[in-house]
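Shown next: my_file35.cif, containing mmCIF, C-alpha atoms.
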```cif
data_model
#
loop_
_atom_site.label_atom_id
_atom_site.label_comp_id
_atom_site.auth_asym_id
_atom_site.auth_seq_id
_atom_site.Cartn_x
_atom_site.Cartn_y
_atom_site.Cartn_z
CA MET A 4 -29.40 -2.05 -6.52
CA SER A 5 -29.94 1.12 -8.55
CA ILE A 6 -28.02 3.75 -10.51
CA THR A 7 -27.64 5.61 -7.20
CA GLN A 8 -25.04 3.05 -6.20
CA LEU A 9 -23.06 3.83 -9.35
CA LYS A 10 -23.08 7.53 -8.50
CA LEU A 11 -20.92 6.57 -5.54
CA HIS A 12 -18.08 6.27 -8.06
CA SER A 13 -18.38 9.98 -8.88
CA GLN A 14 -17.90 10.77 -5.21
CA ALA A 15 -14.95 8.42 -5.02
CA TYR A 16 -13.34 10.03 -8.09
CA ALA A 17 -13.70 13.54 -6.64
CA LEU A 18 -12.33 12.39 -3.30
CA LYS A 19 -9.31 10.65 -4.85
CA HIS A 20 -8.54 13.69 -6.99
CA GLU A 21 -8.59 15.93 -3.91
CA ILE A 22 -6.37 13.54 -1.96
CA THR A 23 -3.88 13.35 -4.84
CA GLN A 24 -3.52 17.12 -4.95
CA ARG A 25 -3.01 17.39 -1.20
CA LEU A 26 -0.46 14.57 -1.10
CA CYS A 27 1.51 16.27 -3.87
CA LYS A 28 1.51 19.57 -2.00
CA LYS A 29 2.39 18.22 1.44
CA LEU A 30 5.16 15.88 0.27
CA ASN A 31 6.40 17.83 -2.78
CA LEU A 32 5.54 15.02 -5.19
CA ALA A 33 5.33 15.03 -8.98
CA ILE A 34 2.63 12.87 -10.57
CA VAL A 35 4.07 10.21 -12.91
CA GLN A 36 2.47 7.44 -14.93
CA ALA A 37 2.69 3.99 -13.36
CA PRO A 38 3.83 0.92 -15.32
CA LEU A 39 1.50 -2.06 -15.37
CA ILE A 40 4.30 -4.55 -16.05
CA VAL A 41 8.01 -4.81 -15.24
CA PRO A 42 10.63 -7.15 -16.75
CA SER A 43 10.98 -10.49 -15.02
CA GLN A 44 14.33 -11.02 -13.30
CA SER A 45 14.94 -7.25 -13.18
CA GLY A 46 14.49 -7.08 -9.40
CA LEU A 47 11.84 -4.35 -9.82
CA GLN A 48 8.96 -6.59 -8.76
CA ASP A 49 7.68 -6.26 -5.20
CA THR A 50 7.90 -9.77 -3.77
CA LEU A 51 5.51 -8.88 -0.91
CA SER A 52 5.88 -11.59 1.74
CA GLY A 53 7.72 -13.88 -0.67
CA HIS A 54 5.19 -16.55 -1.64
CA GLU A 55 2.76 -14.61 -3.88
CA LYS A 56 2.99 -15.52 -7.58
CA PRO A 57 2.76 -12.62 -10.03
CA VAL A 58 0.79 -12.69 -13.26
CA SER A 59 3.31 -13.13 -16.08
CA LEU A 60 3.23 -12.68 -19.83
CA VAL A 61 5.57 -12.64 -22.81
CA VAL A 62 5.70 -9.56 -25.04
CA ARG A 63 5.85 -11.15 -28.46
CA ALA A 64 7.55 -8.21 -30.19
CA GLU A 65 10.45 -8.35 -27.72
CA GLY A 66 10.53 -12.02 -26.81
CA GLN A 67 10.75 -10.73 -23.26
CA LYS A 68 8.92 -12.04 -20.19
CA TYR A 69 7.20 -9.49 -17.97
CA GLU A 70 5.23 -9.56 -14.71
CA VAL A 71 2.21 -7.50 -13.71
CA VAL A 72 3.32 -5.38 -10.78
CA HIS A 73 2.45 -6.13 -7.17
CA SER A 74 3.50 -2.60 -6.22
CA LEU A 75 6.03 0.01 -7.36
CA ALA A 76 8.18 -0.10 -4.22
CA LYS A 77 11.50 -0.46 -6.05
CA TRP A 78 10.56 1.02 -9.42
CA LYS A 79 10.04 4.45 -7.83
CA ARG A 80 13.49 4.50 -6.26
CA ALA A 81 15.05 3.68 -9.62
CA ILE A 82 13.04 6.49 -11.28
CA LEU A 83 14.20 9.03 -8.68
CA ALA A 84 17.78 7.97 -9.33
CA LYS A 85 17.38 8.20 -13.11
CA TYR A 86 16.03 11.75 -12.93
CA GLN A 87 18.46 12.83 -10.19
CA ALA A 88 15.83 13.89 -7.66
CA GLN A 89 17.16 15.84 -4.69
CA PRO A 90 16.26 15.53 -0.97
CA GLY A 91 12.69 16.71 -0.44
CA GLU A 92 11.62 15.82 -4.00
CA GLY A 93 9.52 12.83 -4.92
CA VAL A 94 6.98 11.13 -7.16
CA ILE A 95 3.50 9.71 -6.85
CA ALA A 96 1.74 7.32 -9.22
CA HIS A 97 -1.76 5.88 -9.45
CA MET A 98 -0.78 2.24 -9.41
CA LEU A 99 -3.01 -0.59 -10.58
CA ALA A 100 -1.83 -4.09 -9.73
CA LEU A 101 -3.05 -7.68 -9.76
CA ARG A 102 -2.60 -10.00 -6.81
CA PRO A 103 -4.41 -13.20 -7.79
CA ASP A 104 -2.45 -15.30 -5.32
CA GLU A 105 -4.25 -13.91 -2.26
CA ALA A 106 -5.16 -16.76 0.08
CA SER A 107 -8.71 -15.42 0.37
CA LEU A 108 -10.85 -12.53 -0.85
CA SER A 109 -12.98 -10.52 1.54
CA SER A 110 -14.71 -7.20 2.07
CA ARG A 111 -11.26 -5.56 2.15
CA HIS A 112 -9.18 -7.86 -0.10
CA SER A 113 -9.50 -7.81 -3.87
CA VAL A 114 -7.52 -9.27 -6.77
CA GLN A 115 -7.34 -5.74 -8.18
CA VAL A 116 -5.19 -3.39 -6.11
CA ASP A 117 -5.19 0.36 -6.65
CA GLN A 118 -3.06 2.70 -4.60
CA TRP A 119 -1.18 5.94 -4.43
CA ASP A 120 2.41 4.72 -4.73
CA TRP A 121 4.72 7.49 -3.53
CA GLU A 122 8.45 7.92 -2.90
CA GLN A 123 10.52 10.85 -1.65
CA VAL A 124 14.28 11.40 -1.49
CA VAL A 125 15.64 12.22 1.97
CA ALA A 126 19.12 13.09 3.19
CA ALA A 127 21.05 10.12 4.59
CA GLU A 128 21.02 11.61 8.10
CA MET A 129 17.21 11.76 7.95
CA ARG A 130 16.83 7.97 8.11
CA THR A 131 15.12 8.31 11.50
CA LEU A 132 11.88 7.44 13.22
CA SER A 133 11.14 11.16 13.47
CA THR A 134 11.22 11.41 9.67
CA LEU A 135 8.87 8.43 9.36
CA LYS A 136 6.39 9.92 11.84
CA ASP A 137 6.51 13.29 10.08
CA ARG A 138 5.53 11.70 6.75
CA VAL A 139 2.77 9.64 8.39
CA ARG A 140 1.30 12.80 9.90
CA ALA A 141 1.49 14.58 6.54
CA ILE A 142 -0.34 11.73 4.80
CA TYR A 143 -3.08 11.51 7.41
CA SER A 144 -3.46 15.30 7.30
CA ALA A 145 -3.88 15.13 3.51
CA LEU A 146 -6.62 12.49 3.88
CA ARG A 147 -8.38 14.51 6.57
CA GLU A 148 -8.25 17.81 4.68
CA ALA A 149 -9.48 16.19 1.47
CA ALA A 150 -12.37 14.54 3.31
CA ILE A 151 -13.33 17.85 4.92
CA ALA A 152 -13.17 19.63 1.54
CA THR A 153 -15.46 17.01 -0.04
CA GLU A 154 -17.74 16.85 3.01
CA HIS A 155 -16.92 13.26 3.92
CA TRP A 156 -15.22 13.84 7.28
CA ARG A 157 -16.99 12.65 10.43
CA ASP A 158 -16.60 13.78 14.02
CA SER A 159 -15.99 10.16 15.02
CA TYR A 160 -12.73 10.06 13.04
CA ALA A 161 -9.45 10.73 14.81
CA ASP A 162 -7.86 14.13 14.16
CA GLU A 163 -4.35 12.76 14.75
CA VAL A 164 -2.48 9.47 14.47
CA PHE A 165 -1.46 7.46 17.52
CA PHE A 166 1.97 5.79 17.20
CA ILE A 167 2.95 2.50 18.82
CA HIS A 168 5.67 -0.07 18.14
CA SER A 169 4.65 -3.64 17.33
CA GLU A 170 6.65 -4.83 20.37
CA GLU A 171 4.83 -2.41 22.68
CA LEU A 172 1.54 -3.59 21.18
CA ARG A 173 2.48 -7.21 21.85
CA GLU A 174 3.26 -6.35 25.47
CA MET A 175 -0.15 -4.69 25.83
CA TYR A 176 -2.03 -7.72 24.48
CA PRO A 177 0.26 -10.76 24.89
CA ASN A 178 -2.57 -13.27 24.57
CA LEU A 179 -4.03 -11.87 21.35
CA SER A 180 -3.04 -12.50 17.73
CA ALA A 181 -1.50 -9.68 15.71
CA LYS A 182 -4.81 -8.92 13.95
CA GLN A 183 -6.66 -8.94 17.26
CA ARG A 184 -4.10 -6.50 18.69
CA GLU A 185 -4.62 -4.23 15.68
CA ARG A 186 -8.36 -4.28 16.26
CA GLU A 187 -8.09 -3.41 19.95
CA ILE A 188 -5.61 -0.55 19.59
CA THR A 189 -7.39 0.94 16.57
CA ARG A 190 -10.79 0.76 18.23
CA MET A 191 -9.26 2.71 21.11
CA HIS A 192 -7.46 5.43 19.12
CA ARG A 193 -9.31 5.41 15.76
CA ALA A 194 -6.13 6.10 13.74
CA VAL A 195 -2.95 4.16 14.56
CA PHE A 196 0.48 3.69 13.02
CA ILE A 197 2.16 0.44 14.07
CA ILE A 198 5.96 0.69 13.82
CA GLY A 199 8.43 -2.09 13.09
CA ILE A 200 6.61 -4.64 10.96
CA GLY A 201 8.67 -7.48 9.53
CA GLY A 202 11.12 -8.12 12.34
CA VAL A 203 10.89 -10.85 14.95
CA LEU A 204 9.34 -9.76 18.26
CA SER A 205 10.48 -10.84 21.73
CA ASP A 206 8.10 -13.81 21.70
CA GLY A 207 9.73 -15.16 18.55
CA ASP A 208 6.87 -14.25 16.19
CA LYS A 209 6.46 -11.42 13.67
CA HIS A 210 3.60 -8.96 13.76
CA ASP A 211 3.42 -9.44 9.99
CA ASP A 212 5.78 -10.25 7.12
CA ARG A 213 7.60 -7.76 4.89
CA ALA A 214 9.87 -8.02 1.87
CA ALA A 215 13.57 -7.70 2.66
CA ASP A 216 14.62 -5.31 -0.09
CA TYR A 217 12.69 -2.09 0.39
CA ASP A 218 11.42 -1.23 3.92
CA ASP A 219 13.98 -1.18 6.74
CA TRP A 220 12.55 -3.32 9.54
CA THR A 221 15.79 -4.20 11.36
CA SER A 222 17.63 -0.92 12.11
CA ALA A 223 17.54 0.49 15.63
CA ASN A 224 15.27 3.54 15.86
CA ASP A 225 14.96 6.64 18.01
CA ASP A 226 12.83 4.81 20.61
CA GLY A 227 15.43 2.13 21.28
CA LEU A 228 13.43 -0.48 19.39
CA TYR A 229 13.83 -1.81 15.85
CA GLY A 230 12.32 -0.85 12.52
CA LEU A 231 11.83 2.29 10.44
CA ASN A 232 8.59 1.22 8.80
CA GLY A 233 5.01 0.42 9.64
CA ASP A 234 1.30 0.33 8.79
CA LEU A 235 -1.39 3.01 9.07
CA LEU A 236 -4.78 1.73 10.27
CA VAL A 237 -8.12 3.42 10.91
CA TRP A 238 -11.31 2.29 12.58
CA HIS A 239 -14.09 1.44 10.14
CA GLU A 240 -17.43 1.69 11.92
CA GLY A 241 -19.39 -0.32 9.37
CA LEU A 242 -16.91 -3.21 9.48
CA ASP A 243 -16.52 -2.83 13.25
CA ASP A 244 -12.85 -3.47 12.69
CA ALA A 245 -9.47 -1.94 11.93
CA LEU A 246 -8.79 -1.20 8.27
CA GLU A 247 -5.22 -0.94 7.00
CA LEU A 248 -4.81 2.03 4.65
CA SER A 249 -1.08 2.21 4.08
CA SER A 250 2.20 0.37 4.42
CA MET A 251 5.31 2.54 4.26
CA GLY A 252 8.83 3.04 5.52
CA ILE A 253 12.32 4.37 5.17
CA ARG A 254 14.04 2.29 2.53
CA VAL A 255 16.97 -0.06 3.00
CA THR A 256 20.63 0.86 2.65
CA PRO A 257 22.83 -1.71 0.88
CA GLU A 258 24.00 -3.05 4.26
CA VAL A 259 20.48 -3.34 5.64
CA MET A 260 19.23 -5.04 2.48
CA VAL A 261 21.94 -7.70 2.67
CA LYS A 262 21.16 -8.29 6.34
CA GLN A 263 17.43 -8.63 5.74
CA LEU A 264 17.84 -10.85 2.68
CA ALA A 265 20.07 -13.12 4.78
CA LEU A 266 17.40 -13.30 7.50
CA LYS A 267 14.84 -14.39 4.92
CA GLY A 268 17.19 -16.79 3.14
CA ALA A 269 16.96 -14.75 -0.06
CA LEU A 270 20.58 -13.75 -0.74
CA PRO A 271 20.37 -14.95 -4.40
CA SER A 272 18.32 -11.78 -5.04
CA LEU A 273 21.59 -9.85 -4.85
CA ASP A 274 22.33 -11.06 -8.39
CA LEU A 275 19.33 -9.19 -9.82
CA PRO A 276 20.00 -5.90 -11.69
CA TRP A 277 18.07 -3.64 -9.28
CA HIS A 278 19.85 -5.08 -6.26
CA LYS A 279 23.25 -4.73 -7.90
CA LYS A 280 22.57 -1.04 -8.53
CA LEU A 281 21.60 -0.48 -4.90
CA ILE A 282 24.75 -2.25 -3.71
CA ALA A 283 26.77 -0.04 -6.07
CA GLY A 284 25.30 3.08 -4.45
CA GLU A 285 23.36 4.19 -7.54
CA PHE A 286 20.06 4.83 -5.73
CA PRO A 287 19.27 7.76 -3.40
CA THR A 288 18.12 7.42 0.21
CA THR A 289 14.33 7.43 0.14
CA ILE A 290 11.13 6.95 2.10
CA GLY A 291 7.94 5.74 0.51
CA GLY A 292 4.95 3.47 0.48
CA GLY A 293 1.53 2.72 -0.86
CA ILE A 294 -1.86 4.11 0.20
CA GLY A 295 -4.83 1.99 -0.81
CA GLN A 296 -7.23 4.08 -2.86
CA SER A 297 -10.17 1.71 -2.60
CA ARG A 298 -9.64 1.26 1.13
CA VAL A 299 -9.43 5.02 1.74
CA THR A 300 -12.66 5.60 -0.19
CA MET A 301 -14.25 2.62 1.56
CA TRP A 302 -13.48 4.28 4.88
CA LEU A 303 -14.38 7.87 4.04
CA LEU A 304 -17.52 6.97 2.05
CA GLN A 305 -18.52 4.46 4.75
CA GLN A 306 -18.84 1.48 2.42
CA GLU A 307 -18.60 -2.03 3.84
CA HIS A 308 -17.21 -3.86 0.82
CA ILE A 309 -14.28 -2.98 -1.41
CA GLN A 310 -16.16 -4.00 -4.57
CA LEU A 311 -18.58 -1.13 -4.04
CA VAL A 312 -15.82 1.41 -4.70
CA GLN A 313 -13.99 -0.51 -7.41
CA ALA A 314 -15.09 -1.27 -10.97
CA PRO A 315 -18.71 -2.48 -10.95
CA THR A 316 -19.03 -6.15 -11.83
CA ALA A 317 -21.48 -7.51 -14.39
CA HIS A 318 -22.02 -11.18 -13.59
CA LEU A 319 -23.33 -12.97 -16.66
CA GLY A 320 -24.48 -16.43 -15.73
CA ALA A 321 -26.19 -18.98 -17.98
CA GLY A 322 -29.57 -17.58 -16.99
CA ASP A 323 -28.62 -14.16 -18.34
CA VAL A 324 -28.04 -15.42 -21.90
CA VAL A 325 -31.07 -14.58 -24.04
CA LEU A 326 -29.64 -15.39 -27.48
CA THR A 327 -31.80 -18.22 -28.87
CA GLU A 328 -30.64 -20.71 -31.47
CA GLN A 329 -32.88 -19.03 -34.07
CA SER A 330 -31.47 -15.59 -33.37
CA ARG A 331 -27.95 -17.02 -33.45
CA GLU A 332 -28.58 -18.47 -36.89
CA GLY A 333 -30.02 -15.16 -38.02
CA LEU A 334 -26.88 -13.29 -36.93
CA LEU A 335 -24.64 -15.79 -38.67
CA SER A 336 -26.55 -15.60 -41.94
CA ALA A 337 -26.56 -11.78 -41.76
CA GLY A 338 -22.79 -11.86 -41.40
#
```

As structure tokens, please, write out the structure in this file.
Amino acid sequence: MSITQLKLHSQAYALKHEITQRLCKKLNLAIVQAPLIVPSQSGLQDTLSGHEKPVSLVVRAEGQKYEVVHSLAKWKRAILAKYQAQPGEGVIAHMLALRPDEASLSSRHSVQVDQWDWEQVVAAEMRTLSTLKDRVRAIYSALREAAIATEHWRDSYADEVFFIHSEELREMYPNLSAKQREREITRMHRAVFIIGIGGVLSDGDKHDDRAADYDDWTSANDDGLYGLNGDLLVWHEGLDDALELSSMGIRVTPEVMVKQLALKGALPSLDLPWHKKLIAGEFPTTIGGGIGQSRVTMWLLQQEHIQLVQAPTAHLGAGDVVLTEQSREGLLSAG
């Protein structure tokens, strides 16, 4: 290990800055500051798949309990409503979250999560698969152009995204697990967007789980299948595996939210303030998602572990402590 490894962070910073600018331009997004905490029982927290426990704290001055965000999925929609954003307008935030309840940590999973959290207002009639695909293409184009501008693009990367529904993928590889299917299709096409994640497939299983109150994973789409959401994956040569960069989708209507909450046995969420506002029609129709910053830089800088592009760690074990008892006494007496 040397200081050269730390210089990688300068490259990552330049790359992320370039990507931010291109995402703003392509999707007409305004950069906003991201909150680190949201009030408990506000409904603003992203419940992810439903079992992850957020980090919580009490703000003494307010006597109010807060939770460290998992993502800004619902916060962004509330912000767009508050500032009366119009169709075609949106926001993007550099979100930092904590997910300590991950079942396991790995080369691509970290307790610290950093992502571009973006949201854009769309007209009600634009809640279509075509709209979803258009935004996916715009995002991938922004990543590609930024990588070319910073000289990190490789000929082995895909120039365009291949789209496939999770049901079609299951039919292609009926004997493989969902993660194995992702690996096979991404190895083949190098950049893949898997549509319809969260709903039950024809074999009775889900490709993966999704929260019920932001992405729409039950509505019929243009292809005659179900779901207006999905995941963007790329092939990472160093990992020899698919790497998920983004989860995104067209957001739920009040009717869709109630349906999906019922499917997950989570109808009590309708009593939360955010959910009541959506039911009352106070939020605009939107599309949005998160794009993992560390995972994007991992991919484009060809790093094989997420820690290499996140904050460097300084492990201080017992063997690293050099303060002797004599020196300790000297410090105390000097104080």

Expand the PyMOL selection byres ((chain A and resi 141-155) around 8) into the explicit residue set it covers here, and present it as a PDB file with C-alpha atoms, in the coordinates of the input.
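Once written, out04.pdb looks like this:
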```pdb
ATOM      1  CA  ALA A  17     -13.700  13.540  -6.640  1.00  0.00           C
ATOM      2  CA  LEU A  18     -12.330  12.390  -3.300  1.00  0.00           C
ATOM      3  CA  GLU A  21      -8.590  15.930  -3.910  1.00  0.00           C
ATOM      4  CA  ILE A  22      -6.370  13.540  -1.960  1.00  0.00           C
ATOM      5  CA  ARG A  25      -3.010  17.390  -1.200  1.00  0.00           C
ATOM      6  CA  LEU A  26      -0.460  14.570  -1.100  1.00  0.00           C
ATOM      7  CA  LYS A  29       2.390  18.220   1.440  1.00  0.00           C
ATOM      8  CA  LEU A  30       5.160  15.880   0.270  1.00  0.00           C
ATOM      9  CA  ASP A 137       6.510  13.290  10.080  1.00  0.00           C
ATOM     10  CA  ARG A 138       5.530  11.700   6.750  1.00  0.00           C
ATOM     11  CA  VAL A 139       2.770   9.640   8.390  1.00  0.00           C
ATOM     12  CA  ARG A 140       1.300  12.800   9.900  1.00  0.00           C
ATOM     13  CA  TRP A 156     -15.220  13.840   7.280  1.00  0.00           C
ATOM     14  CA  ARG A 157     -16.990  12.650  10.430  1.00  0.00           C
ATOM     15  CA  ASP A 162      -7.860  14.130  14.160  1.00  0.00           C
ATOM     16  CA  GLU A 163      -4.350  12.760  14.750  1.00  0.00           C
ATOM     17  CA  VAL A 164      -2.480   9.470  14.470  1.00  0.00           C
ATOM     18  CA  LEU A 303     -14.380   7.870   4.040  1.00  0.00           C
ATOM     19  CA  LEU A 304     -17.520   6.970   2.050  1.00  0.00           C
TER      20      LEU A 304
END
```

Name the residues that the PyMOL selection byres ((chain A and resi 208-216) around 7) pulls out of this structure, and write them as an MDAnalysis selection string.
chainID A and resid 50:53 169 181 200:204 206:207 217:218 255 260 263:264

Can you list what the PyMOL selection byres ((chain A and resi 243) around 12) grabs from this structure, as a PyMOL selection string?
chain A and resi 186-187+189-190+193+237-242+244-246+302+305-307

Polymer residues at most 12 Å from Ala106 (chain A), all atoms listed in the file, same-chain spacing of 4 or more positions, as a list in words:
His54, Glu55, Lys56, Arg102, His112, Ser113 and Val114 of chain A

Exercise: Thr289 (chain A) partners within 7 Å, only C-alpha atoms, chain neighbours under 6 positions left out, as a PDB file with C-alpha atoms, keeping the file's coordinate frame:
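The new file result.pdb reads:
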```
ATOM      1  CA  GLU A 122       8.450   7.920  -2.900  1.00  0.00           C
ATOM      2  CA  GLN A 123      10.520  10.850  -1.650  1.00  0.00           C
ATOM      3  CA  VAL A 124      14.280  11.400  -1.490  1.00  0.00           C
ATOM      4  CA  VAL A 125      15.640  12.220   1.970  1.00  0.00           C
ATOM      5  CA  ILE A 253      12.320   4.370   5.170  1.00  0.00           C
ATOM      6  CA  ARG A 254      14.040   2.290   2.530  1.00  0.00           C
TER       7      ARG A 254
END
```

Mind running region 265-313 of chain A against region 68-75 of chain A at 10 Å and telling me each contacting residue's nearest atom pair with the distance in Å (one decimal), counting only C-alpha atoms, chain and number ascending, as JSON lines?
```
{"residue": "A:Gly291", "atom": "CA", "partner": "A:Leu75", "partner_atom": "CA", "distance": 9.9}
{"residue": "A:Gly292", "atom": "CA", "partner": "A:Leu75", "partner_atom": "CA", "distance": 8.6}
{"residue": "A:Gly293", "atom": "CA", "partner": "A:Ser74", "partner_atom": "CA", "distance": 7.8}
```

I'd like to know which of A:Ala88, A:Val61, A:Met191, A:Ile6 is closest to Ala33 (chain A), using only C-alpha atoms.
A:Ala88

Please, what distance in Å, to one decimal, runs between CA of Val94 (chain A) and CA of Gln118 (chain A)?
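CA of Gln118 (chain A) lies at a distance of 13.4 Å from CA of Val94 (chain A).
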
Using CA of Met301 (chain A) and CA of Phe166 (chain A) as the two end points, give the distance in Å to one decimal.
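Rounded to one decimal, the two atoms are 22.8 Å apart.
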
Atom pair CA of Glu170 (chain A) + CA of Leu281 (chain A), distance 29.7 Å

Around region 17-24 of chain A, fit a box with edges along x, y and z, padding it by 4 Å on each side, then list its centre and edge lengths in Å to one decimal as JSON.
```
{"center_x": -8.6, "center_y": 13.9, "center_z": -4.5, "size_x": 18.2, "size_y": 14.5, "size_z": 13.0}
```

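Take the candidates A:Leu39, A:Ala283, A:Met98, A:Ala15 and check each one against Ser297 (chain A) using all atoms listed in the file; the shortest distance goes to A:Ala15.
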
Nearest residue to Asp225 (chain A) from the set A:Leu132, A:Ala76, A:Ile282, A:Ala64 (distances using all atoms listed in the file)
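Ranked by minimum distance to Asp225 (chain A), first place goes to A:Leu132.
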
Excluding Lys262 (chain A) and its own-chain neighbours fewer than 5 positions away, which residues fall within 12 Å of it when counting all atoms listed in the file? Please give them as a list in words.
Gly202, Ala215, Asp216, Asp219, Trp220, Thr221, Ser222, Val255, Thr256, Pro257, Lys267, Gly268, Ala269, Leu270 and Leu273 of chain A

Find, counting all atoms listed in the file, the residue in A:Glu105, A:Asp158, A:Asp49, A:Glu92 that gets nearest to Ala126 (chain A).
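Checking each candidate against Ala126 (chain A), we get A:Glu92 as the closest.
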